Amino acid sequence: MTVQDPQLFIEAFRAAFADADFAALLKERDFSLQFVVTGDTHTAFLLDSDGVHDGAPHPAGLRLEVQPEALHLILLGQLAVTRAIVARRLVVKGPVPQVRQLADYLPAMGRAYAQLALAPASA
């Protein structure tokens, strides 16, 4: 899988959800986040206290429309969320307090993503 493949993000977020502290934080705050990965492979998925879901089975508290390359860099800590917003590589829709809470979730999502994205390709 390449960074262009939204399935990689979905798998990474499922791996992050397996972290008990991450899942508990989602549940405690009743936080939901919909990702709409734009570009050639327009894909949407939802992360909430029940896990990761394809599409949008219900409205999310926060919606991120993001280019695959930008999400890749954000999750690896190489692109700040605010810089991605200013560069129009990320569009955030939702209440400002929930946008600020992203900082609490990105480290766990980034660790899970890095393990998958940076893993050596199997022969």
# chains A, B, ... in the order shown; residues from 1 in each chain; ligands from 1
call {"tool": "closest_atom_pairs", "arguments": {"of": "region 63-95 of chain A", "to": "region 111-119 of chain A", "cutoff": "10 Å", "atoms": "only C-alpha atoms", "output": "Markdown table"}}
result
| residue | atom | partner | partner_atom | distance |
| --- | --- | --- | --- | --- |
| A:His72 | CA | A:Tyr113 | CA | 8.3 |
| A:Leu75 | CA | A:Tyr113 | CA | 6.7 |
| A:Leu76 | CA | A:Ala114 | CA | 6.3 |
| A:Gly77 | CA | A:Arg111 | CA | 9.7 |
call {"tool": "residues_around", "arguments": {"residues": "Thr38 (chain A)", "least_positions_apart": "6", "cutoff": "9 Å", "atoms": "only C-alpha atoms", "output": "PyMOL selection string"}}
result
chain A and resi 44+65-68
call {"tool": "select_by_dssp", "arguments": {"residues": "region 2-90 of chain A", "states": "strand (DSSP E or B)", "output": "tab-separated table (two decimals) with all heavy atoms, in the first residue's frame"}}
result
chain	number	residue	atom	x	y	z
A	33	LEU	N	-15.01	11.57	14.55
A	33	LEU	CA	-14.22	12.26	13.56
A	33	LEU	C	-14.41	11.58	12.21
A	33	LEU	O	-14.18	10.38	12.09
A	33	LEU	CB	-12.76	12.17	13.99
A	33	LEU	CG	-11.67	12.85	13.21
A	33	LEU	CD1	-11.92	14.34	13.13
A	33	LEU	CD2	-10.34	12.59	13.90
A	34	GLN	N	-14.89	12.35	11.24
A	34	GLN	CA	-15.04	11.79	9.90
A	34	GLN	C	-13.90	12.31	9.04
A	34	GLN	O	-13.62	13.51	9.01
A	34	GLN	CB	-16.37	12.19	9.26
A	34	GLN	CG	-16.51	11.57	7.87
A	34	GLN	CD	-17.76	12.02	7.14
A	34	GLN	OE1	-18.35	13.04	7.47
A	34	GLN	NE2	-18.15	11.25	6.16
A	35	PHE	N	-13.24	11.39	8.38
A	35	PHE	CA	-12.19	11.74	7.42
A	35	PHE	C	-12.74	11.58	6.03
A	35	PHE	O	-13.31	10.53	5.71
A	35	PHE	CB	-10.98	10.81	7.57
A	35	PHE	CG	-10.17	11.05	8.81
A	35	PHE	CD1	-10.50	10.41	10.00
A	35	PHE	CD2	-9.09	11.91	8.79
A	35	PHE	CE1	-9.76	10.62	11.14
A	35	PHE	CE2	-8.34	12.13	9.93
A	35	PHE	CZ	-8.67	11.49	11.11
A	36	VAL	N	-12.57	12.59	5.21
A	36	VAL	CA	-12.89	12.50	3.79
A	36	VAL	C	-11.56	12.71	3.08
A	36	VAL	O	-11.01	13.82	3.08
A	36	VAL	CB	-13.93	13.56	3.35
A	36	VAL	CG1	-14.18	13.46	1.86
A	36	VAL	CG2	-15.22	13.38	4.14
A	37	VAL	N	-11.03	11.62	2.55
A	37	VAL	CA	-9.75	11.68	1.85
A	37	VAL	C	-10.07	12.04	0.41
A	37	VAL	O	-10.75	11.29	-0.29
A	37	VAL	CB	-9.00	10.33	1.96
A	37	VAL	CG1	-7.66	10.42	1.24
A	37	VAL	CG2	-8.80	9.95	3.43
A	43	THR	N	-12.49	8.87	-0.55
A	43	THR	CA	-12.95	7.87	0.43
A	43	THR	C	-13.35	8.59	1.71
A	43	THR	O	-12.72	9.57	2.09
A	43	THR	CB	-11.80	6.89	0.75
A	43	THR	OG1	-11.36	6.29	-0.45
A	43	THR	CG2	-12.25	5.82	1.72
A	44	ALA	N	-14.36	8.06	2.38
A	44	ALA	CA	-14.76	8.60	3.68
A	44	ALA	C	-14.81	7.48	4.69
A	44	ALA	O	-15.20	6.35	4.37
A	44	ALA	CB	-16.12	9.28	3.57
A	45	PHE	N	-14.40	7.80	5.91
A	45	PHE	CA	-14.54	6.85	7.01
A	45	PHE	C	-14.70	7.63	8.30
A	45	PHE	O	-14.35	8.80	8.38
A	45	PHE	CB	-13.38	5.85	7.07
A	45	PHE	CG	-12.01	6.48	7.15
A	45	PHE	CD1	-11.40	6.69	8.37
A	45	PHE	CD2	-11.34	6.85	6.00
A	45	PHE	CE1	-10.13	7.25	8.44
A	45	PHE	CE2	-10.07	7.41	6.05
A	45	PHE	CZ	-9.47	7.62	7.28
A	46	LEU	N	-15.27	6.98	9.27
A	46	LEU	CA	-15.63	7.60	10.53
A	46	LEU	C	-14.93	6.89	11.67
A	46	LEU	O	-14.89	5.65	11.72
A	46	LEU	CB	-17.15	7.51	10.74
A	46	LEU	CG	-17.71	8.10	12.02
A	46	LEU	CD1	-17.78	9.62	11.91
A	46	LEU	CD2	-19.09	7.54	12.29
A	47	LEU	N	-14.35	7.66	12.58
A	47	LEU	CA	-13.73	7.14	13.80
A	47	LEU	C	-14.56	7.65	14.97
A	47	LEU	O	-14.75	8.85	15.12
A	47	LEU	CB	-12.29	7.64	13.89
A	47	LEU	CG	-11.51	7.34	15.16
A	47	LEU	CD1	-11.29	5.83	15.30
A	47	LEU	CD2	-10.18	8.06	15.16
A	48	ASP	N	-15.08	6.72	15.77
A	48	ASP	CA	-15.84	7.12	16.96
A	48	ASP	C	-15.59	6.11	18.07
A	48	ASP	O	-14.73	5.24	17.94
A	48	ASP	CB	-17.34	7.29	16.64
A	48	ASP	CG	-18.03	6.00	16.25
A	48	ASP	OD1	-17.45	4.90	16.41
A	48	ASP	OD2	-19.18	6.08	15.79
A	51	GLY	N	-15.40	2.43	17.04
A	51	GLY	CA	-14.37	1.94	16.13
A	51	GLY	C	-14.28	2.77	14.88
A	51	GLY	O	-14.62	3.95	14.85
A	52	VAL	N	-13.83	2.12	13.81
A	52	VAL	CA	-13.66	2.78	12.52
A	52	VAL	C	-14.69	2.19	11.56
A	52	VAL	O	-14.83	0.97	11.46
A	52	VAL	CB	-12.23	2.55	11.96
A	52	VAL	CG1	-12.07	3.24	10.62
A	52	VAL	CG2	-11.19	3.07	12.95
A	53	HIS	N	-15.41	3.08	10.87
A	53	HIS	CA	-16.50	2.66	9.99
A	53	HIS	C	-16.29	3.23	8.60
A	53	HIS	O	-15.89	4.39	8.46
A	53	HIS	CB	-17.85	3.16	10.53
A	53	HIS	CG	-18.02	2.97	11.99
A	53	HIS	ND1	-18.42	1.79	12.54
A	53	HIS	CD2	-17.80	3.83	13.04
A	53	HIS	CE1	-18.47	1.92	13.86
A	53	HIS	NE2	-18.10	3.14	14.18
A	54	ASP	N	-16.60	2.46	7.59
A	54	ASP	CA	-16.55	2.95	6.21
A	54	ASP	C	-17.68	3.95	6.01
A	54	ASP	O	-18.78	3.78	6.54
A	54	ASP	CB	-16.71	1.81	5.21
A	54	ASP	CG	-15.50	0.90	5.19
A	54	ASP	OD1	-14.38	1.39	5.46
A	54	ASP	OD2	-15.65	-0.30	4.91
A	62	LEU	N	-16.80	16.17	14.14
A	62	LEU	CA	-15.77	16.91	13.42
A	62	LEU	C	-15.52	16.22	12.08
A	62	LEU	O	-15.46	14.99	12.02
A	62	LEU	CB	-14.49	16.91	14.25
A	62	LEU	CG	-13.39	17.89	13.92
A	62	LEU	CD1	-13.89	19.33	14.00
A	62	LEU	CD2	-12.23	17.71	14.90
A	63	ARG	N	-15.42	17.00	11.04
A	63	ARG	CA	-15.19	16.45	9.69
A	63	ARG	C	-13.90	17.05	9.13
A	63	ARG	O	-13.73	18.27	9.14
A	63	ARG	CB	-16.37	16.80	8.80
A	63	ARG	CG	-16.23	16.35	7.36
A	63	ARG	CD	-17.43	16.83	6.55
A	63	ARG	NE	-17.20	16.76	5.13
A	63	ARG	CZ	-17.74	15.83	4.34
A	63	ARG	NH1	-18.54	14.92	4.85
A	63	ARG	NH2	-17.49	15.84	3.05
A	64	LEU	N	-13.02	16.18	8.66
A	64	LEU	CA	-11.77	16.61	8.06
A	64	LEU	C	-11.76	16.19	6.60
A	64	LEU	O	-11.92	15.01	6.28
A	64	LEU	CB	-10.57	15.95	8.75
A	64	LEU	CG	-10.41	16.19	10.25
A	64	LEU	CD1	-9.17	15.47	10.76
A	64	LEU	CD2	-10.31	17.66	10.56
A	65	GLU	N	-11.61	17.15	5.72
A	65	GLU	CA	-11.44	16.87	4.30
A	65	GLU	C	-9.97	17.11	4.02
A	65	GLU	O	-9.47	18.22	4.22
A	65	GLU	CB	-12.33	17.79	3.46
A	65	GLU	CG	-13.80	17.58	3.72
A	65	GLU	CD	-14.69	18.59	3.02
A	65	GLU	OE1	-14.19	19.38	2.19
A	65	GLU	OE2	-15.89	18.59	3.33
A	66	VAL	N	-9.28	16.07	3.59
A	66	VAL	CA	-7.83	16.15	3.52
A	66	VAL	C	-7.28	15.40	2.32
A	66	VAL	O	-7.81	14.36	1.93
A	66	VAL	CB	-7.22	15.62	4.84
A	66	VAL	CG1	-7.56	14.16	5.08
A	66	VAL	CG2	-5.73	15.85	4.93
A	90	LEU	N	-6.05	20.87	4.08
A	90	LEU	CA	-6.95	20.30	5.08
A	90	LEU	C	-8.07	21.28	5.33
A	90	LEU	O	-7.82	22.47	5.57
A	90	LEU	CB	-6.18	20.03	6.39
A	90	LEU	CG	-6.99	19.64	7.61
A	90	LEU	CD1	-7.67	18.29	7.42
A	90	LEU	CD2	-6.09	19.61	8.84
call {"tool": "atom_distance", "arguments": {"atom1": "CA of Met109 (chain A)", "atom2": "CA of Phe13 (chain A)"}}
result
5.9 Å
call {"tool": "residues_around", "arguments": {"residues": "Pro97 (chain A)", "least_positions_apart": "4", "cutoff": "12 Å", "atoms": "only C-alpha atoms", "output": "PDB file with N, CA, C and O atoms, in the first residue's frame"}}
result
ATOM      1  N   ARG A  29     -15.117  11.285  25.900  1.00  0.00           N
ATOM      2  CA  ARG A  29     -15.457  12.589  25.333  1.00  0.00           C
ATOM      3  C   ARG A  29     -16.567  12.503  24.286  1.00  0.00           C
ATOM      4  O   ARG A  29     -16.964  13.528  23.740  1.00  0.00           O
ATOM      5  N   PHE A  31     -16.314  11.566  21.305  1.00  0.00           N
ATOM      6  CA  PHE A  31     -15.686  12.236  20.166  1.00  0.00           C
ATOM      7  C   PHE A  31     -15.859  11.399  18.914  1.00  0.00           C
ATOM      8  O   PHE A  31     -15.669  10.182  18.932  1.00  0.00           O
ATOM      9  N   GLY A  61     -18.880  14.623  14.921  1.00  0.00           N
ATOM     10  CA  GLY A  61     -18.711  15.910  15.576  1.00  0.00           C
ATOM     11  C   GLY A  61     -17.737  16.800  14.838  1.00  0.00           C
ATOM     12  O   GLY A  61     -17.828  18.023  14.886  1.00  0.00           O
ATOM     13  N   LEU A  62     -16.800  16.173  14.136  1.00  0.00           N
ATOM     14  CA  LEU A  62     -15.769  16.908  13.419  1.00  0.00           C
ATOM     15  C   LEU A  62     -15.519  16.216  12.083  1.00  0.00           C
ATOM     16  O   LEU A  62     -15.464  14.991  12.016  1.00  0.00           O
ATOM     17  N   LYS A  93     -14.288  20.993   9.488  1.00  0.00           N
ATOM     18  CA  LYS A  93     -15.651  21.456   9.709  1.00  0.00           C
ATOM     19  C   LYS A  93     -16.120  20.925  11.054  1.00  0.00           C
ATOM     20  O   LYS A  93     -16.166  19.717  11.269  1.00  0.00           O
ATOM     21  N   GLN A 101      -9.193  19.606  20.299  1.00  0.00           N
ATOM     22  CA  GLN A 101      -9.004  18.269  20.879  1.00  0.00           C
ATOM     23  C   GLN A 101      -8.244  17.331  19.946  1.00  0.00           C
ATOM     24  O   GLN A 101      -7.759  16.298  20.382  1.00  0.00           O
ATOM     25  N   LEU A 102      -8.117  17.690  18.687  1.00  0.00           N
ATOM     26  CA  LEU A 102      -7.367  16.851  17.746  1.00  0.00           C
ATOM     27  C   LEU A 102      -5.972  16.539  18.274  1.00  0.00           C
ATOM     28  O   LEU A 102      -5.455  15.444  18.073  1.00  0.00           O
ATOM     29  N   ALA A 103      -5.369  17.506  18.947  1.00  0.00           N
ATOM     30  CA  ALA A 103      -4.022  17.319  19.483  1.00  0.00           C
ATOM     31  C   ALA A 103      -3.949  16.146  20.453  1.00  0.00           C
ATOM     32  O   ALA A 103      -2.891  15.527  20.618  1.00  0.00           O
ATOM     33  N   ASP A 104      -5.059  15.819  21.093  1.00  0.00           N
ATOM     34  CA  ASP A 104      -5.086  14.696  22.035  1.00  0.00           C
ATOM     35  C   ASP A 104      -5.132  13.351  21.320  1.00  0.00           C
ATOM     36  O   ASP A 104      -4.751  12.329  21.886  1.00  0.00           O
TER      37      ASP A 104
END
call {"tool": "select_by_dssp", "arguments": {"residues": "region 6-91 of chain A", "states": "alpha helix (DSSP H)", "output": "CSV table (one decimal) with all heavy atoms, in the first residue's frame"}}
result
chain,number,residue,atom,x,y,z
A,6,PRO,N,-6.1,5.1,0.7
A,6,PRO,CA,-6.9,5.4,1.9
A,6,PRO,C,-7.0,4.2,2.9
A,6,PRO,O,-7.2,4.3,4.1
A,6,PRO,CB,-8.2,5.9,1.5
A,6,PRO,CG,-8.0,6.3,0.0
A,6,PRO,CD,-6.9,5.4,-0.5
A,7,GLN,N,-6.9,3.0,2.3
A,7,GLN,CA,-7.0,1.8,3.2
A,7,GLN,C,-5.9,1.8,4.3
A,7,GLN,O,-6.1,1.3,5.4
A,7,GLN,CB,-6.9,0.5,2.3
A,7,GLN,CG,-7.3,-0.7,3.1
A,7,GLN,CD,-8.7,-0.7,3.6
A,7,GLN,OE1,-9.6,-0.2,3.0
A,7,GLN,NE2,-8.9,-1.3,4.8
A,8,LEU,N,-4.8,2.3,4.0
A,8,LEU,CA,-3.7,2.4,4.9
A,8,LEU,C,-4.1,3.3,6.1
A,8,LEU,O,-3.8,2.9,7.3
A,8,LEU,CB,-2.4,3.0,4.3
A,8,LEU,CG,-1.2,3.1,5.1
A,8,LEU,CD1,-0.8,1.7,5.6
A,8,LEU,CD2,-0.1,3.7,4.3
A,9,PHE,N,-4.8,4.4,5.9
A,9,PHE,CA,-5.3,5.2,7.0
A,9,PHE,C,-6.3,4.5,7.8
A,9,PHE,O,-6.3,4.5,9.0
A,9,PHE,CB,-5.9,6.5,6.4
A,9,PHE,CG,-4.9,7.4,5.7
A,9,PHE,CD1,-5.2,7.7,4.3
A,9,PHE,CD2,-3.8,7.9,6.3
A,9,PHE,CE1,-4.3,8.5,3.6
A,9,PHE,CE2,-2.9,8.6,5.5
A,9,PHE,CZ,-3.1,8.9,4.2
A,10,ILE,N,-7.2,3.8,7.1
A,10,ILE,CA,-8.3,3.0,7.8
A,10,ILE,C,-7.6,2.0,8.7
A,10,ILE,O,-8.0,1.8,9.9
A,10,ILE,CB,-9.3,2.4,6.8
A,10,ILE,CG1,-10.0,3.5,6.1
A,10,ILE,CG2,-10.2,1.4,7.5
A,10,ILE,CD1,-10.9,3.1,5.0
A,11,GLU,N,-6.7,1.2,8.2
A,11,GLU,CA,-6.0,0.2,9.0
A,11,GLU,C,-5.2,0.8,10.2
A,11,GLU,O,-5.2,0.3,11.3
A,11,GLU,CB,-5.1,-0.6,8.1
A,11,GLU,CG,-5.8,-1.5,7.2
A,11,GLU,CD,-4.8,-2.3,6.3
A,11,GLU,OE1,-3.6,-2.5,6.7
A,11,GLU,OE2,-5.3,-2.8,5.2
A,12,ALA,N,-4.6,1.9,10.0
A,12,ALA,CA,-3.9,2.6,11.0
A,12,ALA,C,-4.8,3.1,12.1
A,12,ALA,O,-4.5,2.9,13.3
A,12,ALA,CB,-3.1,3.8,10.5
A,13,PHE,N,-6.0,3.6,11.8
A,13,PHE,CA,-6.9,4.1,12.8
A,13,PHE,C,-7.5,2.9,13.5
A,13,PHE,O,-7.8,3.0,14.7
A,13,PHE,CB,-7.9,5.0,12.2
A,13,PHE,CG,-7.3,6.3,11.6
A,13,PHE,CD1,-7.9,7.0,10.6
A,13,PHE,CD2,-6.1,6.8,12.1
A,13,PHE,CE1,-7.3,8.1,10.1
A,13,PHE,CE2,-5.5,7.9,11.6
A,13,PHE,CZ,-6.1,8.6,10.6
A,14,ARG,N,-7.7,1.8,12.9
A,14,ARG,CA,-8.2,0.6,13.6
A,14,ARG,C,-7.1,0.1,14.6
A,14,ARG,O,-7.5,-0.3,15.7
A,14,ARG,CB,-8.5,-0.5,12.6
A,14,ARG,CG,-9.8,-0.2,11.9
A,14,ARG,CD,-10.3,-1.4,11.0
A,14,ARG,NE,-11.6,-1.1,10.5
A,14,ARG,CZ,-12.0,-1.2,9.2
A,14,ARG,NH1,-11.2,-1.6,8.3
A,14,ARG,NH2,-13.2,-0.8,8.9
A,15,ALA,N,-5.9,0.2,14.2
A,15,ALA,CA,-4.8,-0.2,15.1
A,15,ALA,C,-4.7,0.8,16.3
A,15,ALA,O,-4.5,0.4,17.4
A,15,ALA,CB,-3.5,-0.2,14.4
A,16,ALA,N,-4.9,2.1,16.0
A,16,ALA,CA,-4.9,3.1,17.1
A,16,ALA,C,-6.1,2.8,18.1
A,16,ALA,O,-6.0,2.9,19.3
A,16,ALA,CB,-5.0,4.5,16.6
A,17,PHE,N,-7.2,2.4,17.5
A,17,PHE,CA,-8.4,2.1,18.3
A,17,PHE,C,-8.2,0.9,19.3
A,17,PHE,O,-8.8,0.8,20.3
A,17,PHE,CB,-9.6,1.9,17.5
A,17,PHE,CG,-10.9,1.8,18.2
A,17,PHE,CD1,-11.5,3.0,18.7
A,17,PHE,CD2,-11.5,0.6,18.5
A,17,PHE,CE1,-12.7,2.9,19.4
A,17,PHE,CE2,-12.7,0.5,19.2
A,17,PHE,CZ,-13.3,1.7,19.7
A,20,ALA,N,-6.1,0.8,24.4
A,20,ALA,CA,-7.2,1.0,25.4
A,20,ALA,C,-7.3,2.5,25.8
A,20,ALA,O,-8.5,3.0,26.0
A,20,ALA,CB,-6.9,0.1,26.6
A,21,ASP,N,-6.2,3.2,26.0
A,21,ASP,CA,-6.3,4.6,26.4
A,21,ASP,C,-6.9,5.5,25.4
A,21,ASP,O,-7.7,6.3,25.6
A,21,ASP,CB,-4.9,5.1,26.8
A,21,ASP,CG,-4.3,4.5,28.0
A,21,ASP,OD1,-5.1,4.0,28.9
A,21,ASP,OD2,-3.1,4.4,28.2
A,22,PHE,N,-6.6,5.2,24.1
A,22,PHE,CA,-7.1,6.0,23.0
A,22,PHE,C,-8.6,5.7,22.9
A,22,PHE,O,-9.4,6.7,22.8
A,22,PHE,CB,-6.4,5.6,21.7
A,22,PHE,CG,-6.9,6.3,20.5
A,22,PHE,CD1,-6.5,7.6,20.2
A,22,PHE,CD2,-7.7,5.6,19.5
A,22,PHE,CE1,-7.0,8.2,19.1
A,22,PHE,CE2,-8.1,6.3,18.4
A,22,PHE,CZ,-7.8,7.6,18.2
A,23,ALA,N,-9.0,4.5,22.9
A,23,ALA,CA,-10.5,4.1,22.8
A,23,ALA,C,-11.2,4.7,24.0
A,23,ALA,O,-12.3,5.2,23.8
A,23,ALA,CB,-10.6,2.6,22.8
A,24,ALA,N,-10.6,4.7,25.2
A,24,ALA,CA,-11.3,5.2,26.4
A,24,ALA,C,-11.5,6.7,26.2
A,24,ALA,O,-12.6,7.3,26.6
A,24,ALA,CB,-10.5,4.9,27.6
A,25,LEU,N,-10.5,7.4,25.7
A,25,LEU,CA,-10.6,8.9,25.5
A,25,LEU,C,-11.7,9.2,24.5
A,25,LEU,O,-12.5,10.1,24.8
A,25,LEU,CB,-9.3,9.4,25.0
A,25,LEU,CG,-9.1,11.0,24.9
A,25,LEU,CD1,-9.4,11.6,26.3
A,25,LEU,CD2,-7.8,11.3,24.4
A,26,LEU,N,-11.8,8.5,23.4
A,26,LEU,CA,-12.9,8.7,22.5
A,26,LEU,C,-14.3,8.5,23.2
A,26,LEU,O,-15.2,9.3,23.0
A,26,LEU,CB,-12.8,7.7,21.3
A,26,LEU,CG,-11.7,7.9,20.3
A,26,LEU,CD1,-11.6,6.7,19.3
A,26,LEU,CD2,-12.0,9.2,19.5
A,27,LYS,N,-14.4,7.4,23.9
A,27,LYS,CA,-15.7,7.1,24.6
A,27,LYS,C,-16.0,8.2,25.6
A,27,LYS,O,-17.1,8.7,25.7
A,27,LYS,CB,-15.6,5.7,25.2
A,27,LYS,CG,-16.9,5.3,25.7
A,27,LYS,CD,-16.9,3.8,26.1
A,27,LYS,CE,-18.2,3.3,26.4
A,27,LYS,NZ,-19.0,2.9,25.3
A,28,GLU,N,-15.0,8.5,26.5
A,28,GLU,CA,-15.2,9.5,27.5
A,28,GLU,C,-15.7,10.9,27.0
A,28,GLU,O,-16.5,11.5,27.6
A,28,GLU,CB,-13.9,9.7,28.3
A,28,GLU,CG,-13.9,10.7,29.4
A,28,GLU,CD,-12.5,10.9,30.0
A,28,GLU,OE1,-11.9,9.9,30.3
A,28,GLU,OE2,-12.0,12.0,30.1
A,29,ARG,N,-15.1,11.3,25.9
A,29,ARG,CA,-15.5,12.6,25.3
A,29,ARG,C,-16.6,12.5,24.3
A,29,ARG,O,-17.0,13.5,23.7
A,29,ARG,CB,-14.2,13.2,24.7
A,29,ARG,CG,-13.2,13.6,25.7
A,29,ARG,CD,-12.0,14.3,25.0
A,29,ARG,NE,-11.0,14.7,26.0
A,29,ARG,CZ,-9.8,15.2,25.6
A,29,ARG,NH1,-9.6,15.3,24.3
A,29,ARG,NH2,-9.0,15.5,26.5
A,68,PRO,N,-4.5,13.0,0.6
A,68,PRO,CA,-3.8,11.9,1.2
A,68,PRO,C,-2.4,12.2,1.6
A,68,PRO,O,-1.9,11.8,2.7
A,68,PRO,CB,-3.8,10.8,0.1
A,68,PRO,CG,-4.8,11.3,-0.9
A,68,PRO,CD,-5.1,12.7,-0.7
A,69,GLU,N,-1.7,13.0,0.8
A,69,GLU,CA,-0.3,13.4,1.1
A,69,GLU,C,-0.2,14.2,2.4
A,69,GLU,O,0.7,14.1,3.2
A,69,GLU,CB,0.3,14.2,-0.1
A,69,GLU,CG,0.2,13.5,-1.4
A,69,GLU,CD,-1.1,13.8,-2.1
A,69,GLU,OE1,-1.8,14.8,-1.8
A,69,GLU,OE2,-1.5,13.0,-3.0
A,70,ALA,N,-1.2,15.1,2.5
A,70,ALA,CA,-1.3,16.0,3.7
A,70,ALA,C,-1.5,15.1,5.0
A,70,ALA,O,-0.9,15.3,6.0
A,70,ALA,CB,-2.3,17.1,3.5
A,71,LEU,N,-2.5,14.2,4.9
A,71,LEU,CA,-2.8,13.4,6.0
A,71,LEU,C,-1.6,12.5,6.4
A,71,LEU,O,-1.2,12.4,7.6
A,71,LEU,CB,-4.0,12.5,5.8
A,71,LEU,CG,-4.5,11.6,6.9
A,71,LEU,CD1,-4.8,12.5,8.2
A,71,LEU,CD2,-5.8,10.9,6.5
A,72,HIS,N,-0.9,12.0,5.4
A,72,HIS,CA,0.4,11.2,5.6
A,72,HIS,C,1.4,12.1,6.4
A,72,HIS,O,1.9,11.6,7.5
A,72,HIS,CB,0.9,10.8,4.3
A,72,HIS,CG,2.3,10.3,4.3
A,72,HIS,ND1,2.6,9.0,4.7
A,72,HIS,CD2,3.5,10.8,4.0
A,72,HIS,CE1,3.9,8.8,4.6
A,72,HIS,NE2,4.4,9.9,4.2
A,73,LEU,N,1.6,13.3,6.0
A,73,LEU,CA,2.6,14.2,6.7
A,73,LEU,C,2.1,14.6,8.1
A,73,LEU,O,2.9,14.7,9.0
A,73,LEU,CB,2.9,15.4,5.8
A,73,LEU,CG,3.6,15.1,4.5
A,73,LEU,CD1,3.6,16.4,3.6
A,73,LEU,CD2,4.9,14.5,4.7
A,74,ILE,N,0.8,14.9,8.2
A,74,ILE,CA,0.3,15.3,9.5
A,74,ILE,C,0.5,14.1,10.5
A,74,ILE,O,0.9,14.3,11.6
A,74,ILE,CB,-1.2,15.6,9.4
A,74,ILE,CG1,-1.4,17.0,8.7
A,74,ILE,CG2,-1.9,15.7,10.8
A,74,ILE,CD1,-2.8,17.3,8.2
A,75,LEU,N,0.1,12.9,10.1
A,75,LEU,CA,0.2,11.8,11.0
A,75,LEU,C,1.7,11.4,11.4
A,75,LEU,O,2.0,10.9,12.4
A,75,LEU,CB,-0.4,10.5,10.4
A,75,LEU,CG,-2.0,10.7,10.3
A,75,LEU,CD1,-2.6,9.5,9.5
A,75,LEU,CD2,-2.6,10.8,11.7
A,81,VAL,N,-1.1,20.8,11.7
A,81,VAL,CA,-2.5,20.9,11.3
A,81,VAL,C,-2.8,22.3,10.9
A,81,VAL,O,-3.4,22.6,9.8
A,81,VAL,CB,-3.5,20.5,12.5
A,81,VAL,CG1,-4.9,20.8,12.1
A,81,VAL,CG2,-3.3,19.0,12.7
A,82,THR,N,-2.4,23.3,11.6
A,82,THR,CA,-2.6,24.7,11.3
A,82,THR,C,-2.0,25.1,9.9
A,82,THR,O,-2.6,25.8,9.1
A,82,THR,CB,-2.1,25.7,12.4
A,82,THR,OG1,-0.8,25.4,12.7
A,82,THR,CG2,-3.0,25.6,13.6
A,83,ARG,N,-0.8,24.6,9.7
A,83,ARG,CA,-0.1,24.9,8.4
A,83,ARG,C,-0.9,24.2,7.2
A,83,ARG,O,-1.1,24.8,6.2
A,83,ARG,CB,1.3,24.4,8.4
A,83,ARG,CG,2.1,24.8,7.2
A,83,ARG,CD,3.5,24.5,7.4
A,83,ARG,NE,4.1,25.5,8.3
A,83,ARG,CZ,4.8,26.5,7.9
A,83,ARG,NH1,5.1,26.7,6.7
A,83,ARG,NH2,5.3,27.4,8.8
A,84,ALA,N,-1.4,23.0,7.5
A,84,ALA,CA,-2.2,22.3,6.5
A,84,ALA,C,-3.5,23.0,6.2
A,84,ALA,O,-3.9,23.1,5.0
A,84,ALA,CB,-2.5,20.9,6.9
A,85,ILE,N,-4.1,23.6,7.2
A,85,ILE,CA,-5.3,24.4,7.0
A,85,ILE,C,-5.0,25.7,6.2
A,85,ILE,O,-5.7,26.0,5.2
A,85,ILE,CB,-6.0,24.7,8.4
A,85,ILE,CG1,-6.5,23.5,9.0
A,85,ILE,CG2,-7.1,25.8,8.2
A,85,ILE,CD1,-7.0,23.6,10.5
A,86,VAL,N,-4.0,26.4,6.6
A,86,VAL,CA,-3.6,27.6,5.9
A,86,VAL,C,-3.3,27.3,4.4
A,86,VAL,O,-3.7,28.1,3.5
A,86,VAL,CB,-2.4,28.3,6.6
A,86,VAL,CG1,-1.9,29.4,5.7
A,86,VAL,CG2,-2.9,28.8,7.9
call {"tool": "closest_residue", "arguments": {"among": "A:Thr41, A:Ala60, A:Asp5, A:Asp19", "to": "Gly94 (chain A)", "atoms": "only C-alpha atoms"}}
result
A:Ala60
call {"tool": "atom_distance", "arguments": {"atom1": "CA of Asp50 (chain A)", "atom2": "CA of Ser32 (chain A)"}}
result
9.4 Å
call {"tool": "atom_distance", "arguments": {"atom1": "CA of Ala18 (chain A)", "atom2": "CA of Leu106 (chain A)"}}
result
14.6 Å
